[in-house]
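Asks: If it helps, the file is called my_file_29.txt and holds compact mmCIF, N, CA and C atoms:
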# COMPACT_ATOMS: atom_id res chain seq x y z
N MET A 1 109.65 144.47 123.24
CA MET A 1 109.22 143.22 123.83
C MET A 1 108.06 142.63 123.05
N ASN A 2 107.19 143.49 122.55
CA ASN A 2 106.04 143.03 121.80
C ASN A 2 106.47 142.38 120.48
N ASN A 3 107.56 142.90 119.88
CA ASN A 3 108.07 142.32 118.64
C ASN A 3 108.58 140.91 118.86
N MET A 4 109.24 140.68 119.97
CA MET A 4 109.75 139.34 120.28
C MET A 4 108.60 138.37 120.54
N LYS A 5 107.55 138.87 121.17
CA LYS A 5 106.38 138.03 121.43
C LYS A 5 105.71 137.63 120.11
N ASN A 6 105.56 138.59 119.21
CA ASN A 6 104.97 138.30 117.91
C ASN A 6 105.83 137.34 117.10
N LEU A 7 107.15 137.52 117.16
CA LEU A 7 108.06 136.61 116.47
C LEU A 7 107.97 135.21 117.05
N GLY A 8 107.86 135.11 118.36
CA GLY A 8 107.72 133.81 119.01
C GLY A 8 106.41 133.12 118.64
N ILE A 9 105.33 133.89 118.58
CA ILE A 9 104.04 133.31 118.19
C ILE A 9 104.08 132.84 116.74
N SER A 10 104.70 133.64 115.86
CA SER A 10 104.77 133.22 114.46
C SER A 10 105.69 132.02 114.28
N LEU A 11 106.75 131.93 115.08
CA LEU A 11 107.60 130.73 115.06
C LEU A 11 106.81 129.52 115.53
N LEU A 12 106.01 129.71 116.55
CA LEU A 12 105.17 128.62 117.05
C LEU A 12 104.16 128.18 115.99
N ILE A 13 103.57 129.13 115.28
CA ILE A 13 102.64 128.80 114.20
C ILE A 13 103.37 128.02 113.11
N SER A 14 104.56 128.46 112.75
CA SER A 14 105.33 127.77 111.72
C SER A 14 105.69 126.35 112.13
N ILE A 15 106.16 126.19 113.35
CA ILE A 15 106.59 124.87 113.81
C ILE A 15 105.40 123.94 113.98
N LEU A 16 104.30 124.45 114.53
CA LEU A 16 103.11 123.61 114.69
C LEU A 16 102.52 123.20 113.35
N SER A 17 102.45 124.12 112.41
CA SER A 17 101.93 123.74 111.09
C SER A 17 102.88 122.76 110.40
N LEU A 18 104.17 122.92 110.60
CA LEU A 18 105.14 121.97 110.05
C LEU A 18 104.94 120.58 110.64
N LEU A 19 104.75 120.51 111.94
CA LEU A 19 104.56 119.22 112.59
C LEU A 19 103.22 118.58 112.22
N ILE A 20 102.17 119.36 112.17
CA ILE A 20 100.85 118.81 111.84
C ILE A 20 100.80 118.32 110.40
N LEU A 21 101.30 119.13 109.47
CA LEU A 21 101.29 118.72 108.07
C LEU A 21 102.20 117.52 107.82
N THR A 22 103.33 117.46 108.52
CA THR A 22 104.22 116.30 108.40
C THR A 22 103.57 115.05 108.98
N PHE A 23 102.82 115.21 110.07
CA PHE A 23 102.11 114.08 110.65
C PHE A 23 101.09 113.51 109.66
N PHE A 24 100.31 114.39 109.03
CA PHE A 24 99.35 113.92 108.04
C PHE A 24 100.04 113.28 106.83
N LEU A 25 101.16 113.85 106.42
CA LEU A 25 101.91 113.27 105.32
C LEU A 25 102.40 111.87 105.67
N THR A 26 102.84 111.70 106.90
CA THR A 26 103.31 110.39 107.35
C THR A 26 102.18 109.39 107.40
N ILE A 27 101.04 109.79 107.90
CA ILE A 27 99.88 108.90 107.97
C ILE A 27 99.44 108.48 106.56
N PHE A 28 99.31 109.44 105.66
CA PHE A 28 98.89 109.12 104.29
C PHE A 28 99.91 108.27 103.57
N SER A 29 101.19 108.52 103.83
CA SER A 29 102.23 107.71 103.21
C SER A 29 102.24 106.30 103.77
N TYR A 30 101.99 106.16 105.05
CA TYR A 30 101.99 104.85 105.69
C TYR A 30 100.89 103.95 105.13
N PHE A 31 99.73 104.52 104.88
CA PHE A 31 98.61 103.75 104.36
C PHE A 31 98.56 103.75 102.83
N ASN A 32 99.62 104.17 102.18
CA ASN A 32 99.75 104.19 100.72
C ASN A 32 98.62 104.95 100.03
N VAL A 33 98.20 106.03 100.62
CA VAL A 33 97.19 106.88 99.99
C VAL A 33 97.83 107.70 98.88
N MET A 34 99.10 108.08 99.07
CA MET A 34 99.84 108.88 98.09
C MET A 34 101.02 108.09 97.55
N GLY A 35 101.39 108.40 96.32
CA GLY A 35 102.54 107.77 95.71
C GLY A 35 103.85 108.36 96.21
N GLY A 36 104.93 107.68 95.93
CA GLY A 36 106.24 108.11 96.42
C GLY A 36 106.71 109.43 95.85
N SER A 37 106.45 109.69 94.57
CA SER A 37 106.90 110.96 93.99
C SER A 37 106.09 112.14 94.53
N PHE A 38 104.81 111.91 94.81
CA PHE A 38 103.98 112.97 95.38
C PHE A 38 104.42 113.29 96.81
N VAL A 39 104.83 112.27 97.55
CA VAL A 39 105.33 112.48 98.91
C VAL A 39 106.61 113.30 98.88
N LYS A 40 107.49 113.04 97.92
CA LYS A 40 108.73 113.80 97.81
C LYS A 40 108.45 115.28 97.55
N VAL A 41 107.46 115.54 96.71
CA VAL A 41 107.10 116.93 96.42
C VAL A 41 106.51 117.60 97.67
N LEU A 42 105.66 116.88 98.38
CA LEU A 42 105.06 117.45 99.59
C LEU A 42 106.09 117.68 100.69
N LYS A 43 107.13 116.88 100.74
CA LYS A 43 108.19 117.09 101.73
C LYS A 43 108.90 118.41 101.49
N ILE A 44 108.88 118.89 100.28
CA ILE A 44 109.48 120.19 99.96
C ILE A 44 108.48 121.31 100.19
N ILE A 45 107.23 121.08 99.87
CA ILE A 45 106.20 122.12 99.94
C ILE A 45 105.79 122.42 101.38
N ILE A 46 105.77 121.43 102.26
CA ILE A 46 105.28 121.63 103.63
C ILE A 46 106.08 122.68 104.40
N PRO A 47 107.42 122.65 104.43
CA PRO A 47 108.13 123.73 105.14
C PRO A 47 107.93 125.11 104.51
N ILE A 48 107.80 125.14 103.18
CA ILE A 48 107.55 126.42 102.51
C ILE A 48 106.20 126.98 102.94
N LEU A 49 105.19 126.12 102.98
CA LEU A 49 103.86 126.55 103.40
C LEU A 49 103.83 126.96 104.87
N SER A 50 104.54 126.24 105.72
CA SER A 50 104.52 126.58 107.14
C SER A 50 105.21 127.93 107.40
N LEU A 51 106.30 128.21 106.71
CA LEU A 51 106.93 129.52 106.88
C LEU A 51 106.07 130.62 106.28
N PHE A 52 105.35 130.33 105.22
CA PHE A 52 104.43 131.31 104.65
C PHE A 52 103.33 131.65 105.64
N LEU A 53 102.79 130.64 106.31
CA LEU A 53 101.73 130.88 107.30
C LEU A 53 102.24 131.68 108.50
N GLY A 54 103.44 131.35 108.96
CA GLY A 54 104.03 132.13 110.05
C GLY A 54 104.30 133.56 109.65
N GLY A 55 104.77 133.77 108.42
CA GLY A 55 105.00 135.11 107.91
C GLY A 55 103.71 135.88 107.73
N LEU A 56 102.66 135.18 107.33
CA LEU A 56 101.35 135.82 107.18
C LEU A 56 100.85 136.37 108.51
N TYR A 57 100.99 135.57 109.56
CA TYR A 57 100.58 136.05 110.89
C TYR A 57 101.45 137.23 111.32
N LEU A 58 102.76 137.09 111.13
CA LEU A 58 103.67 138.15 111.56
C LEU A 58 103.41 139.45 110.80
N GLY A 59 103.06 139.33 109.54
CA GLY A 59 102.72 140.52 108.76
C GLY A 59 101.45 141.18 109.24
N LYS A 60 100.48 140.37 109.67
CA LYS A 60 99.21 140.94 110.15
C LYS A 60 99.38 141.73 111.44
N VAL A 61 100.31 141.33 112.29
CA VAL A 61 100.49 142.03 113.56
C VAL A 61 101.58 143.10 113.48
N ALA A 62 102.31 143.16 112.35
CA ALA A 62 103.37 144.15 112.22
C ALA A 62 102.79 145.52 111.93
N ILE A 63 103.52 146.54 112.31
CA ILE A 63 103.08 147.91 112.07
C ILE A 63 103.52 148.38 110.68
N LYS A 64 104.78 148.13 110.34
CA LYS A 64 105.29 148.49 109.02
C LYS A 64 106.47 147.58 108.70
N LYS A 65 106.94 147.69 107.47
CA LYS A 65 108.07 146.90 106.97
C LYS A 65 107.84 145.40 107.14
N GLY A 66 106.86 144.90 106.44
CA GLY A 66 106.54 143.48 106.50
C GLY A 66 107.66 142.61 105.99
N TRP A 67 108.41 143.08 105.00
CA TRP A 67 109.50 142.29 104.47
C TRP A 67 110.58 142.06 105.53
N LEU A 68 110.81 143.05 106.39
CA LEU A 68 111.82 142.91 107.43
C LEU A 68 111.38 141.89 108.48
N GLU A 69 110.09 141.89 108.80
CA GLU A 69 109.56 140.89 109.73
C GLU A 69 109.70 139.49 109.13
N GLY A 70 109.49 139.38 107.82
CA GLY A 70 109.66 138.10 107.15
C GLY A 70 111.11 137.64 107.17
N VAL A 71 112.04 138.56 107.04
CA VAL A 71 113.46 138.22 107.11
C VAL A 71 113.81 137.72 108.51
N LYS A 72 113.26 138.37 109.53
CA LYS A 72 113.50 137.93 110.91
C LYS A 72 112.98 136.52 111.14
N LEU A 73 111.76 136.27 110.71
CA LEU A 73 111.17 134.94 110.89
C LEU A 73 111.92 133.90 110.08
N GLY A 74 112.20 134.21 108.83
CA GLY A 74 112.91 133.27 107.98
C GLY A 74 114.30 132.95 108.50
N SER A 75 115.01 133.96 108.95
CA SER A 75 116.36 133.75 109.49
C SER A 75 116.34 132.88 110.73
N THR A 76 115.40 133.15 111.61
CA THR A 76 115.30 132.36 112.84
C THR A 76 114.96 130.91 112.54
N MET A 77 113.97 130.70 111.68
CA MET A 77 113.56 129.34 111.36
C MET A 77 114.64 128.60 110.59
N ILE A 78 115.31 129.26 109.68
CA ILE A 78 116.37 128.63 108.91
C ILE A 78 117.54 128.27 109.81
N LEU A 79 117.85 129.13 110.77
CA LEU A 79 118.91 128.81 111.73
C LEU A 79 118.56 127.56 112.53
N LEU A 80 117.31 127.45 112.95
CA LEU A 80 116.87 126.26 113.68
C LEU A 80 116.94 125.01 112.80
N LEU A 81 116.52 125.13 111.55
CA LEU A 81 116.56 123.98 110.65
C LEU A 81 117.99 123.54 110.33
N ILE A 82 118.88 124.52 110.14
CA ILE A 82 120.28 124.17 109.87
C ILE A 82 120.91 123.49 111.07
N LEU A 83 120.66 124.02 112.26
CA LEU A 83 121.20 123.39 113.46
C LEU A 83 120.66 121.97 113.63
N PHE A 84 119.37 121.80 113.39
CA PHE A 84 118.78 120.47 113.51
C PHE A 84 119.36 119.51 112.47
N ASN A 85 119.50 119.97 111.22
CA ASN A 85 120.00 119.10 110.17
C ASN A 85 121.46 118.71 110.38
N TYR A 86 122.28 119.65 110.78
CA TYR A 86 123.70 119.36 110.91
C TYR A 86 124.06 118.70 112.23
N LEU A 87 123.38 119.04 113.32
CA LEU A 87 123.73 118.46 114.61
C LEU A 87 123.00 117.15 114.88
N ALA A 88 121.71 117.11 114.59
CA ALA A 88 120.93 115.92 114.92
C ALA A 88 120.96 114.87 113.81
N LEU A 89 120.86 115.29 112.58
CA LEU A 89 120.77 114.34 111.48
C LEU A 89 122.09 114.10 110.75
N ARG A 90 123.10 114.89 111.07
CA ARG A 90 124.41 114.80 110.42
C ARG A 90 124.28 114.91 108.90
N TYR A 91 123.47 115.87 108.47
CA TYR A 91 123.21 116.10 107.06
C TYR A 91 124.43 116.73 106.42
N SER A 92 124.86 116.19 105.29
CA SER A 92 126.05 116.73 104.62
C SER A 92 125.67 117.97 103.81
N PHE A 93 126.62 118.85 103.63
CA PHE A 93 126.39 120.11 102.93
C PHE A 93 126.30 119.87 101.43
N LYS A 94 125.24 120.38 100.81
CA LYS A 94 125.05 120.28 99.36
C LYS A 94 124.61 121.64 98.84
N ILE A 95 124.89 121.88 97.58
CA ILE A 95 124.58 123.18 96.99
C ILE A 95 123.07 123.38 96.82
N ASP A 96 122.33 122.30 96.60
CA ASP A 96 120.89 122.45 96.44
C ASP A 96 120.20 122.83 97.75
N TYR A 97 120.87 122.57 98.87
CA TYR A 97 120.32 122.97 100.17
C TYR A 97 120.31 124.50 100.30
N ILE A 98 121.29 125.17 99.70
CA ILE A 98 121.32 126.64 99.73
C ILE A 98 120.14 127.20 98.96
N LEU A 99 119.80 126.59 97.83
CA LEU A 99 118.64 127.02 97.06
C LEU A 99 117.35 126.81 97.85
N TYR A 100 117.26 125.69 98.55
CA TYR A 100 116.09 125.41 99.37
C TYR A 100 115.96 126.43 100.50
N ILE A 101 117.06 126.80 101.11
CA ILE A 101 117.05 127.80 102.17
C ILE A 101 116.60 129.16 101.62
N ALA A 102 117.06 129.49 100.42
CA ALA A 102 116.65 130.75 99.79
C ALA A 102 115.15 130.74 99.50
N ILE A 103 114.62 129.61 99.06
CA ILE A 103 113.18 129.51 98.81
C ILE A 103 112.40 129.65 100.12
N LEU A 104 112.90 129.08 101.20
CA LEU A 104 112.24 129.23 102.50
C LEU A 104 112.23 130.69 102.94
N MET A 105 113.33 131.38 102.72
CA MET A 105 113.41 132.79 103.10
C MET A 105 112.43 133.62 102.28
N VAL A 106 112.36 133.38 100.99
CA VAL A 106 111.44 134.11 100.13
C VAL A 106 109.99 133.83 100.53
N SER A 107 109.71 132.60 100.90
CA SER A 107 108.36 132.24 101.34
C SER A 107 107.97 133.01 102.59
N SER A 108 108.88 133.11 103.53
CA SER A 108 108.61 133.86 104.75
C SER A 108 108.41 135.35 104.47
N ILE A 109 109.23 135.90 103.60
CA ILE A 109 109.12 137.31 103.25
C ILE A 109 107.80 137.59 102.53
N LEU A 110 107.44 136.74 101.58
CA LEU A 110 106.18 136.93 100.86
C LEU A 110 104.97 136.81 101.79
N GLY A 111 105.02 135.87 102.72
CA GLY A 111 103.93 135.72 103.67
C GLY A 111 103.74 136.95 104.52
N SER A 112 104.83 137.52 105.01
CA SER A 112 104.71 138.71 105.85
C SER A 112 104.31 139.94 105.03
N MET A 113 104.75 140.02 103.79
CA MET A 113 104.34 141.14 102.95
C MET A 113 102.85 141.06 102.62
N LEU A 114 102.35 139.87 102.35
CA LEU A 114 100.92 139.71 102.12
C LEU A 114 100.12 139.95 103.39
N GLY A 115 100.64 139.52 104.52
CA GLY A 115 99.95 139.73 105.79
C GLY A 115 99.78 141.20 106.12
N ILE A 116 100.81 141.97 105.89
CA ILE A 116 100.71 143.40 106.20
C ILE A 116 99.77 144.09 105.21
N ASN A 117 99.68 143.60 103.99
CA ASN A 117 98.75 144.18 103.02
C ASN A 117 97.31 143.80 103.34
N PHE A 118 97.06 142.60 103.81
CA PHE A 118 95.71 142.21 104.21
C PHE A 118 95.23 143.03 105.39
N LYS A 119 96.14 143.33 106.29
CA LYS A 119 95.76 144.13 107.46
C LYS A 119 95.35 145.52 107.03
N LYS A 120 96.06 146.11 106.09
CA LYS A 120 95.73 147.45 105.64
C LYS A 120 94.41 147.48 104.90
N GLU A 121 94.09 146.43 104.14
CA GLU A 121 92.80 146.36 103.47
C GLU A 121 91.67 146.31 104.48
N LYS A 122 91.85 145.55 105.53
CA LYS A 122 90.81 145.37 106.54
C LYS A 122 90.59 146.67 107.32
N GLU A 123 91.67 147.39 107.63
CA GLU A 123 91.54 148.62 108.41
C GLU A 123 90.88 149.75 107.62
N SER A 124 91.06 149.76 106.29
CA SER A 124 90.52 150.85 105.49
C SER A 124 89.01 150.70 105.28
N ASN A 125 88.47 149.50 105.44
CA ASN A 125 87.03 149.28 105.25
C ASN A 125 86.20 149.69 106.42
Can you dump the structure from the file as structure tokens?
Replies:
Amino acid sequence: MNNMKNLGISLLISILSLLILTFFLTIFSYFNVMGGSFVKVLKIIIPILSLFLGGLYLGKVAIKKGWLEGVKLGSTMILLLILFNYLALRYSFKIDYILYIAILMVSSILGSMLGINFKKEKESN
């Protein structure tokens, strides 16, 4: 039960950071603070960063196997994103989307692996 709670909290961290960073991106784009090409790059980086932050939290609270916790978080978030894209936005299937999904999964795994390593450094001191 504790694992599901931690996964839920890390999902909440990922979704909230995704929404907050997207809100700021929208505000800056609306007032022409950033150029169009920079906004396109940030639209790709923001979900990667949000899954990394969620994985970092999940790794810090995990006992062992941080990579597996990252796979759980990444799979759950990717499933939600795919459902949202295909059901709500009617997004068509493209091959570059598979690469993007793989990058999101790697980001989640790296975040949780780093999180579990930071926890071990802190406990040993």
Asks: When DSSP works through the backbone of this structure, what residues of range 4-98 of chain A end up as alpha helix (DSSP H), shown as a CSV table (one decimal) with N, CA and C atoms, in the frame of the given file?
Replies:
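This is the output file result_34.csv:
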chain,number,residue,atom,x,y,z
A,4,MET,N,109.2,140.7,120.0
A,4,MET,CA,109.8,139.3,120.3
A,4,MET,C,108.6,138.4,120.5
A,5,LYS,N,107.6,138.9,121.2
A,5,LYS,CA,106.4,138.0,121.4
A,5,LYS,C,105.7,137.6,120.1
A,6,ASN,N,105.6,138.6,119.2
A,6,ASN,CA,105.0,138.3,117.9
A,6,ASN,C,105.8,137.3,117.1
A,7,LEU,N,107.2,137.5,117.2
A,7,LEU,CA,108.1,136.6,116.5
A,7,LEU,C,108.0,135.2,117.0
A,8,GLY,N,107.9,135.1,118.4
A,8,GLY,CA,107.7,133.8,119.0
A,8,GLY,C,106.4,133.1,118.6
A,9,ILE,N,105.3,133.9,118.6
A,9,ILE,CA,104.0,133.3,118.2
A,9,ILE,C,104.1,132.8,116.7
A,10,SER,N,104.7,133.6,115.9
A,10,SER,CA,104.8,133.2,114.5
A,10,SER,C,105.7,132.0,114.3
A,11,LEU,N,106.8,131.9,115.1
A,11,LEU,CA,107.6,130.7,115.1
A,11,LEU,C,106.8,129.5,115.5
A,12,LEU,N,106.0,129.7,116.6
A,12,LEU,CA,105.2,128.6,117.0
A,12,LEU,C,104.2,128.2,116.0
A,13,ILE,N,103.6,129.1,115.3
A,13,ILE,CA,102.6,128.8,114.2
A,13,ILE,C,103.4,128.0,113.1
A,14,SER,N,104.6,128.5,112.8
A,14,SER,CA,105.3,127.8,111.7
A,14,SER,C,105.7,126.4,112.1
A,15,ILE,N,106.2,126.2,113.4
A,15,ILE,CA,106.6,124.9,113.8
A,15,ILE,C,105.4,123.9,114.0
A,16,LEU,N,104.3,124.4,114.5
A,16,LEU,CA,103.1,123.6,114.7
A,16,LEU,C,102.5,123.2,113.4
A,17,SER,N,102.4,124.1,112.4
A,17,SER,CA,101.9,123.7,111.1
A,17,SER,C,102.9,122.8,110.4
A,18,LEU,N,104.2,122.9,110.6
A,18,LEU,CA,105.1,122.0,110.0
A,18,LEU,C,104.9,120.6,110.6
A,19,LEU,N,104.8,120.5,111.9
A,19,LEU,CA,104.6,119.2,112.6
A,19,LEU,C,103.2,118.6,112.2
A,20,ILE,N,102.2,119.4,112.2
A,20,ILE,CA,100.8,118.8,111.8
A,20,ILE,C,100.8,118.3,110.4
A,21,LEU,N,101.3,119.1,109.5
A,21,LEU,CA,101.3,118.7,108.1
A,21,LEU,C,102.2,117.5,107.8
A,22,THR,N,103.3,117.5,108.5
A,22,THR,CA,104.2,116.3,108.4
A,22,THR,C,103.6,115.0,109.0
A,23,PHE,N,102.8,115.2,110.1
A,23,PHE,CA,102.1,114.1,110.6
A,23,PHE,C,101.1,113.5,109.7
A,24,PHE,N,100.3,114.4,109.0
A,24,PHE,CA,99.4,113.9,108.0
A,24,PHE,C,100.0,113.3,106.8
A,25,LEU,N,101.2,113.8,106.4
A,25,LEU,CA,101.9,113.3,105.3
A,25,LEU,C,102.4,111.9,105.7
A,26,THR,N,102.8,111.7,106.9
A,26,THR,CA,103.3,110.4,107.4
A,26,THR,C,102.2,109.4,107.4
A,27,ILE,N,101.0,109.8,107.9
A,27,ILE,CA,99.9,108.9,108.0
A,27,ILE,C,99.4,108.5,106.6
A,28,PHE,N,99.3,109.4,105.7
A,28,PHE,CA,98.9,109.1,104.3
A,28,PHE,C,99.9,108.3,103.6
A,29,SER,N,101.2,108.5,103.8
A,29,SER,CA,102.2,107.7,103.2
A,29,SER,C,102.2,106.3,103.8
A,30,TYR,N,102.0,106.2,105.0
A,30,TYR,CA,102.0,104.8,105.7
A,30,TYR,C,100.9,104.0,105.1
A,36,GLY,N,104.9,107.7,95.9
A,36,GLY,CA,106.2,108.1,96.4
A,36,GLY,C,106.7,109.4,95.8
A,37,SER,N,106.4,109.7,94.6
A,37,SER,CA,106.9,111.0,94.0
A,37,SER,C,106.1,112.1,94.5
A,38,PHE,N,104.8,111.9,94.8
A,38,PHE,CA,104.0,113.0,95.4
A,38,PHE,C,104.4,113.3,96.8
A,39,VAL,N,104.8,112.3,97.6
A,39,VAL,CA,105.3,112.5,98.9
A,39,VAL,C,106.6,113.3,98.9
A,40,LYS,N,107.5,113.0,97.9
A,40,LYS,CA,108.7,113.8,97.8
A,40,LYS,C,108.4,115.3,97.6
A,41,VAL,N,107.5,115.5,96.7
A,41,VAL,CA,107.1,116.9,96.4
A,41,VAL,C,106.5,117.6,97.7
A,42,LEU,N,105.7,116.9,98.4
A,42,LEU,CA,105.1,117.4,99.6
A,42,LEU,C,106.1,117.7,100.7
A,43,LYS,N,107.1,116.9,100.7
A,43,LYS,CA,108.2,117.1,101.7
A,43,LYS,C,108.9,118.4,101.5
A,44,ILE,N,108.9,118.9,100.3
A,44,ILE,CA,109.5,120.2,100.0
A,44,ILE,C,108.5,121.3,100.2
A,45,ILE,N,107.2,121.1,99.9
A,45,ILE,CA,106.2,122.1,99.9
A,45,ILE,C,105.8,122.4,101.4
A,46,ILE,N,105.8,121.4,102.3
A,46,ILE,CA,105.3,121.6,103.6
A,46,ILE,C,106.1,122.7,104.4
A,47,PRO,N,107.4,122.6,104.4
A,47,PRO,CA,108.1,123.7,105.1
A,47,PRO,C,107.9,125.1,104.5
A,48,ILE,N,107.8,125.1,103.2
A,48,ILE,CA,107.6,126.4,102.5
A,48,ILE,C,106.2,127.0,102.9
A,49,LEU,N,105.2,126.1,103.0
A,49,LEU,CA,103.9,126.6,103.4
A,49,LEU,C,103.8,127.0,104.9
A,50,SER,N,104.5,126.2,105.7
A,50,SER,CA,104.5,126.6,107.1
A,50,SER,C,105.2,127.9,107.4
A,51,LEU,N,106.3,128.2,106.7
A,51,LEU,CA,106.9,129.5,106.9
A,51,LEU,C,106.1,130.6,106.3
A,52,PHE,N,105.4,130.3,105.2
A,52,PHE,CA,104.4,131.3,104.6
A,52,PHE,C,103.3,131.6,105.6
A,53,LEU,N,102.8,130.6,106.3
A,53,LEU,CA,101.7,130.9,107.3
A,53,LEU,C,102.2,131.7,108.5
A,54,GLY,N,103.4,131.4,109.0
A,54,GLY,CA,104.0,132.1,110.0
A,54,GLY,C,104.3,133.6,109.6
A,55,GLY,N,104.8,133.8,108.4
A,55,GLY,CA,105.0,135.1,107.9
A,55,GLY,C,103.7,135.9,107.7
A,56,LEU,N,102.7,135.2,107.3
A,56,LEU,CA,101.4,135.8,107.2
A,56,LEU,C,100.8,136.4,108.5
A,57,TYR,N,101.0,135.6,109.6
A,57,TYR,CA,100.6,136.0,110.9
A,57,TYR,C,101.4,137.2,111.3
A,58,LEU,N,102.8,137.1,111.1
A,58,LEU,CA,103.7,138.2,111.6
A,58,LEU,C,103.4,139.4,110.8
A,59,GLY,N,103.1,139.3,109.5
A,59,GLY,CA,102.7,140.5,108.8
A,59,GLY,C,101.4,141.2,109.2
A,60,LYS,N,100.5,140.4,109.7
A,60,LYS,CA,99.2,140.9,110.2
A,60,LYS,C,99.4,141.7,111.4
A,61,VAL,N,100.3,141.3,112.3
A,61,VAL,CA,100.5,142.0,113.6
A,61,VAL,C,101.6,143.1,113.5
A,66,GLY,N,106.9,144.9,106.4
A,66,GLY,CA,106.5,143.5,106.5
A,66,GLY,C,107.7,142.6,106.0
A,67,TRP,N,108.4,143.1,105.0
A,67,TRP,CA,109.5,142.3,104.5
A,67,TRP,C,110.6,142.1,105.5
A,68,LEU,N,110.8,143.0,106.4
A,68,LEU,CA,111.8,142.9,107.4
A,68,LEU,C,111.4,141.9,108.5
A,69,GLU,N,110.1,141.9,108.8
A,69,GLU,CA,109.6,140.9,109.7
A,69,GLU,C,109.7,139.5,109.1
A,70,GLY,N,109.5,139.4,107.8
A,70,GLY,CA,109.7,138.1,107.2
A,70,GLY,C,111.1,137.6,107.2
A,71,VAL,N,112.0,138.6,107.0
A,71,VAL,CA,113.5,138.2,107.1
A,71,VAL,C,113.8,137.7,108.5
A,72,LYS,N,113.3,138.4,109.5
A,72,LYS,CA,113.5,137.9,110.9
A,72,LYS,C,113.0,136.5,111.1
A,73,LEU,N,111.8,136.3,110.7
A,73,LEU,CA,111.2,134.9,110.9
A,73,LEU,C,111.9,133.9,110.1
A,74,GLY,N,112.2,134.2,108.8
A,74,GLY,CA,112.9,133.3,108.0
A,74,GLY,C,114.3,133.0,108.5
A,75,SER,N,115.0,134.0,109.0
A,75,SER,CA,116.4,133.8,109.5
A,75,SER,C,116.3,132.9,110.7
A,76,THR,N,115.4,133.2,111.6
A,76,THR,CA,115.3,132.4,112.8
A,76,THR,C,115.0,130.9,112.5
A,77,MET,N,114.0,130.7,111.7
A,77,MET,CA,113.6,129.3,111.4
A,77,MET,C,114.6,128.6,110.6
A,78,ILE,N,115.3,129.3,109.7
A,78,ILE,CA,116.4,128.6,108.9
A,78,ILE,C,117.5,128.3,109.8
A,79,LEU,N,117.8,129.1,110.8
A,79,LEU,CA,118.9,128.8,111.7
A,79,LEU,C,118.6,127.6,112.5
A,80,LEU,N,117.3,127.4,113.0
A,80,LEU,CA,116.9,126.3,113.7
A,80,LEU,C,116.9,125.0,112.8
A,81,LEU,N,116.5,125.1,111.6
A,81,LEU,CA,116.6,124.0,110.6
A,81,LEU,C,118.0,123.5,110.3
A,82,ILE,N,118.9,124.5,110.1
A,82,ILE,CA,120.3,124.2,109.9
A,82,ILE,C,120.9,123.5,111.1
A,83,LEU,N,120.7,124.0,112.3
A,83,LEU,CA,121.2,123.4,113.5
A,83,LEU,C,120.7,122.0,113.6
A,95,ILE,N,124.9,121.9,97.6
A,95,ILE,CA,124.6,123.2,97.0
A,95,ILE,C,123.1,123.4,96.8
A,96,ASP,N,122.3,122.3,96.6
A,96,ASP,CA,120.9,122.4,96.4
A,96,ASP,C,120.2,122.8,97.8
A,97,TYR,N,120.9,122.6,98.9
A,97,TYR,CA,120.3,123.0,100.2
A,97,TYR,C,120.3,124.5,100.3
A,98,ILE,N,121.3,125.2,99.7
A,98,ILE,CA,121.3,126.6,99.7
A,98,ILE,C,120.1,127.2,99.0
Asks: Between atom C of Val71 in chain A and atom N of Phe23 in chain A, measure the distance and give it in Å to one decimal.
Replies: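 Result for atom C of Val71 in chain A versus atom N of Phe23 in chain A: 25.1 Å, one decimal.
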Asks: How many Å separate atom C of Met4 in chain A from atom C of Ser107 in chain A?
Replies: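 Taking atom C of Met4 in chain A as the start and atom C of Ser107 in chain A as the end point, the length is 18.7 Å.
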Asks: Looking at A:Thr22, A:Ser29, A:Ser75, A:Asn3, which one is nearest to Leu104 in chain A, with distances taken over all atoms listed in the file?
Replies: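 Of the candidates, the smallest distance to Leu104 in chain A is held by A:Ser75.
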Asks: Distance CA of Ser108 in chain A-atom N of Lys64 in chain A, one decimal place?
Replies: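 Computed distance, CA of Ser108 in chain A to atom N of Lys64 in chain A, equals 15.8 Å.
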Asks: Restricting the calculation to all atoms listed in the file, which member of A:Ile27, A:Ile44, A:Val61, A:Val39 is positioned closest to Ile116 in chain A?
Replies: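 Under the stated criterion, the closest residue is A:Val61.
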Asks: For Asn6 in chain A, find every residue with an atom within 12 Å (counting only C-alpha atoms), except residues of its own chain fewer than 4 positions away, and show them as a ChimeraX atom specification.
Replies: /A:1-2,10-13,54-63,69-70,72-73
Asks: Draw an axis-aligned box tight on the listed atoms of range 71-86 of chain A, then pad every side by 8 Å and write out centre and edge lengths in Å to one decimal as AutoDock Vina command-line options.
Replies:
--center_x 117.6 --center_y 128.6 --center_z 110.4 --size_x 28.9 --size_y 35.9 --size_z 22.6
Asks: Need the shell around Leu19 in chain A: protein/DNA/RNA residues with any atom at most 8 Å away, counting all atoms listed in the file. Skip same-chain ones fewer than 5 positions apart. Format as a list of chain:residue names?
Replies: A:Ile13, A:Ser14, A:Phe24, A:Leu25, A:Ile46, A:Ser50
Asks: Output: range 103-114 of chain A of the preceding structure, restricted to C-alpha atoms, written as a compact mmCIF listing (two decimals), in the first residue's frame.
Replies:
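Written output follows (selection-v9.txt):
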# COMPACT_ATOMS: atom_id res chain seq x y z
CA ILE A 103 12.87 9.52 -23.95
CA LEU A 104 10.16 10.09 -21.33
CA MET A 105 10.68 6.59 -19.97
CA VAL A 106 14.45 7.05 -19.78
CA SER A 107 13.96 10.39 -18.01
CA SER A 108 11.77 8.76 -15.38
CA ILE A 109 14.22 5.91 -14.87
CA LEU A 110 17.21 8.26 -14.57
CA GLY A 111 15.35 10.44 -12.08
CA SER A 112 14.52 7.53 -9.83
CA MET A 113 18.04 6.10 -10.08
CA LEU A 114 19.52 9.45 -9.08
